[in-house]
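Engineer: First, the structure itself, so that you have it in front of you.
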Amino acid sequence: KFDDTVSSSPVDPADDSSIYNLDGTCTTGACPSYLPAGGQLNGAYDFNADGIFNDDVTVSDNNVLDLTTQGTIMAWVRVDALGRWHGVMTKGNAPTHAYGIEIDNNRFVCQLAGSDYYINSFAITTNTYNHIACSWSGGILRTYINGASETSPSITPIPSTNTGSLQIGTWPPACGSPSSSCVWDWMDGKIDDVRIYNRALTQTEIQTIMTPATGSFDFGVGVSPTSGTVVQGSSVTPSPTVTATYVSGTASPVTFSVSGLPNGVTAQFSPDNI
């Protein structure tokens, strides 16, 4: 998650507020401008406001960023102009990027394993923030704009692990460095609250995250062991341990509960909240 905490160094413009600390960097003279109050959720980065299309935030390759059979990518985006391609984010090795989000004229495009999945049901307008989320699992891509479900196409193939960096604000092609003969897709506008998850988030989860009043606390849940045995009148053995791990935002209480148990089976947590 690339949050509003910004380093004072011009070469460290995008601090990752998750537990992974995968901060972004940029080259002096090609860094987006930070607008402390210009985002949908507080601040945002303004790409290429000077009319020179070279702004780019790069996050070095890390296995944490490898999404394959499932994942969710999202961001708040506001474009300053239409009629062109805008690179919002992408991860992977060109030309077959593993995943990404682009804008083609006035349409959002979710990209998985080099394939483009257009969201033709929604038309983008300039100078307006929109939230785009691409979530996939089980061979199905589900897209959401401003929390509303848009499309759910089948995806083939699925993304693969790769050694490419994560790019925010551009989409690099296979031809190499930017030049008159190698045109990159540069973002012309603002990007806020870029998030990447290694699982497919539900529509409700996406709506919660994109809402400032309720989306400020992220946590992960784990169970160890993930399976056990039980006989009538006894407890599961071995006794499982459930953990909640703080990821980002302002820490808040977490309450544990369980649903969908077979008839006659009960569950208890000790403690039942932390």
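We name chains A, B, ... following the order of the structure tokens; residues begin at 1 in each chain, and ligands are numbered from 1 as shown.
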List the neighbours of stretch 134-146 of chain A out to 6 Å using only C-alpha atoms; skip same-chain residues closer than 4 positions along the sequence, and give me the result as JSON, numbers by chain.

Structural biologist: {"A": [69, 70, 71, 72, 73, 130, 150, 151, 152, 153, 154, 155, 200]}

Engineer: So that I can check the secondary structure, give me every residue of stretch 130-209 of chain A assigned alpha helix (DSSP H) by backbone DSSP, as a list in words.

Structural biologist: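 Everything in stretch 130-209 of chain A that counts as alpha helix (DSSP H) is Gln203, Thr204, Glu205, Ile206, Gln207, Thr208 and Ile209 of chain A.
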
Engineer: Can you work out which one of A:Ala123, A:Leu201, A:Val59, A:Cys182 has the shortest atom-to-atom distance to A:Asp23, counting only C-alpha atoms?

Structural biologist: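 Among A:Ala123, A:Leu201, A:Val59, A:Cys182, it is A:Val59 that comes nearest to A:Asp23.
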
Engineer: Please identify all polymer residues within 7 Å of A:Ile158, counting only C-alpha atoms, omitting same-chain residues fewer than 6 positions from it, and present them as a PDB file with C-alpha atoms, in the first residue's frame.

Structural biologist:
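Saved file result.pdb follows:
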ATOM      1  CA  THR A  68      -0.397 -15.698  -9.897  1.00  0.00           C
ATOM      2  CA  THR A  69      -3.669 -17.627  -9.476  1.00  0.00           C
ATOM      3  CA  LEU A 112      -3.241  -9.977 -16.695  1.00  0.00           C
ATOM      4  CA  ALA A 113      -0.517 -12.137 -18.257  1.00  0.00           C
TER       5      ALA A 113
END

Engineer: Restricting the calculation to only C-alpha atoms, which member of A:Gly164, A:Gly29, A:Gly100, A:Gly39 is positioned closest to A:Asp56?

Structural biologist: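 Under the stated criterion, the closest residue is A:Gly29.
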
Engineer: Do you know which residues are at most 8 Å from A:Arg107 counting only C-alpha atoms, after dropping those on the same chain fewer than 6 positions away, and could you put them as a PDB file with all heavy atoms, in the first residue's frame?

Structural biologist:
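Ended up saving to result.pdb:
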ATOM      1  N   TYR A 118     -10.862  -4.953 -21.132  1.00  0.00           N
ATOM      2  CA  TYR A 118     -11.456  -3.617 -21.123  1.00  0.00           C
ATOM      3  C   TYR A 118     -12.731  -3.590 -20.273  1.00  0.00           C
ATOM      4  O   TYR A 118     -13.514  -4.539 -20.278  1.00  0.00           O
ATOM      5  CB  TYR A 118     -11.813  -3.176 -22.532  1.00  0.00           C
ATOM      6  CG  TYR A 118     -10.642  -2.623 -23.325  1.00  0.00           C
ATOM      7  CD1 TYR A 118      -9.667  -3.462 -23.848  1.00  0.00           C
ATOM      8  CD2 TYR A 118     -10.519  -1.262 -23.558  1.00  0.00           C
ATOM      9  CE1 TYR A 118      -8.593  -2.962 -24.576  1.00  0.00           C
ATOM     10  CE2 TYR A 118      -9.460  -0.741 -24.290  1.00  0.00           C
ATOM     11  CZ  TYR A 118      -8.501  -1.602 -24.795  1.00  0.00           C
ATOM     12  OH  TYR A 118      -7.449  -1.093 -25.518  1.00  0.00           O
ATOM     13  N   ILE A 119     -12.926  -2.474 -19.572  1.00  0.00           N
ATOM     14  CA  ILE A 119     -14.172  -2.235 -18.837  1.00  0.00           C
ATOM     15  C   ILE A 119     -14.941  -1.198 -19.646  1.00  0.00           C
ATOM     16  O   ILE A 119     -14.840   0.017 -19.428  1.00  0.00           O
ATOM     17  CB  ILE A 119     -13.892  -1.756 -17.410  1.00  0.00           C
ATOM     18  CG1 ILE A 119     -12.962  -2.738 -16.686  1.00  0.00           C
ATOM     19  CG2 ILE A 119     -15.198  -1.598 -16.637  1.00  0.00           C
ATOM     20  CD1 ILE A 119     -12.559  -2.294 -15.297  1.00  0.00           C
ATOM     21  N   ASN A 120     -15.715  -1.674 -20.610  1.00  0.00           N
ATOM     22  CA  ASN A 120     -16.412  -0.785 -21.532  1.00  0.00           C
ATOM     23  C   ASN A 120     -17.714  -0.229 -20.962  1.00  0.00           C
ATOM     24  O   ASN A 120     -18.346   0.630 -21.585  1.00  0.00           O
ATOM     25  CB  ASN A 120     -16.708  -1.517 -22.844  1.00  0.00           C
ATOM     26  CG  ASN A 120     -15.435  -1.808 -23.627  1.00  0.00           C
ATOM     27  OD1 ASN A 120     -14.572  -0.952 -23.753  1.00  0.00           O
ATOM     28  ND2 ASN A 120     -15.313  -3.030 -24.134  1.00  0.00           N
ATOM     29  N   PHE A 122     -18.041   1.597 -18.358  1.00  0.00           N
ATOM     30  CA  PHE A 122     -17.844   2.843 -17.616  1.00  0.00           C
ATOM     31  C   PHE A 122     -16.957   3.776 -18.419  1.00  0.00           C
ATOM     32  O   PHE A 122     -15.881   3.384 -18.876  1.00  0.00           O
ATOM     33  CB  PHE A 122     -17.200   2.564 -16.253  1.00  0.00           C
ATOM     34  CG  PHE A 122     -17.048   3.782 -15.377  1.00  0.00           C
ATOM     35  CD1 PHE A 122     -18.053   4.144 -14.505  1.00  0.00           C
ATOM     36  CD2 PHE A 122     -15.898   4.555 -15.434  1.00  0.00           C
ATOM     37  CE1 PHE A 122     -17.921   5.271 -13.696  1.00  0.00           C
ATOM     38  CE2 PHE A 122     -15.753   5.683 -14.632  1.00  0.00           C
ATOM     39  CZ  PHE A 122     -16.768   6.036 -13.759  1.00  0.00           C
ATOM     40  N   ALA A 123     -17.408   5.027 -18.599  1.00  0.00           N
ATOM     41  CA  ALA A 123     -16.647   6.024 -19.344  1.00  0.00           C
ATOM     42  C   ALA A 123     -15.985   7.002 -18.377  1.00  0.00           C
ATOM     43  O   ALA A 123     -16.660   7.627 -17.547  1.00  0.00           O
ATOM     44  CB  ALA A 123     -17.558   6.775 -20.311  1.00  0.00           C
ATOM     45  N   ILE A 124     -14.671   7.121 -18.474  1.00  0.00           N
ATOM     46  CA  ILE A 124     -13.907   8.025 -17.620  1.00  0.00           C
ATOM     47  C   ILE A 124     -14.054   9.454 -18.127  1.00  0.00           C
ATOM     48  O   ILE A 124     -14.080   9.698 -19.340  1.00  0.00           O
ATOM     49  CB  ILE A 124     -12.427   7.615 -17.628  1.00  0.00           C
ATOM     50  CG1 ILE A 124     -12.261   6.189 -17.092  1.00  0.00           C
ATOM     51  CG2 ILE A 124     -11.575   8.590 -16.808  1.00  0.00           C
ATOM     52  CD1 ILE A 124     -10.872   5.631 -17.329  1.00  0.00           C
TER      53      ILE A 124
END

Engineer: Using only C-alpha atoms for the distances, tell me which of A:Asp16, A:Asp50, A:Asp116, A:Asp192 is nearest to A:Leu35.

Structural biologist: A:Asp192

Engineer: Between A:Thr90, A:Thr25, A:Thr128, A:Asn162, single out the one closest to A:Cys110, counting only C-alpha atoms.

Structural biologist: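 Comparing A:Thr90, A:Thr25, A:Thr128, A:Asn162 against A:Cys110, the winner is A:Thr90.
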
Engineer: Could you check the closest approach to A:Asp188 for each of A:Trp85, A:Trp76, A:Tyr34, A:Tyr20 and tell me which residue wins, using only C-alpha atoms?

Structural biologist: A:Trp85

Engineer: When you count only C-alpha atoms, which of these residues is closest to A:Pro172: A:Asn273, A:Ser235, A:Asn106, A:Asn93?

Structural biologist: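 Closest to A:Pro172 of all the choices is A:Asn93.
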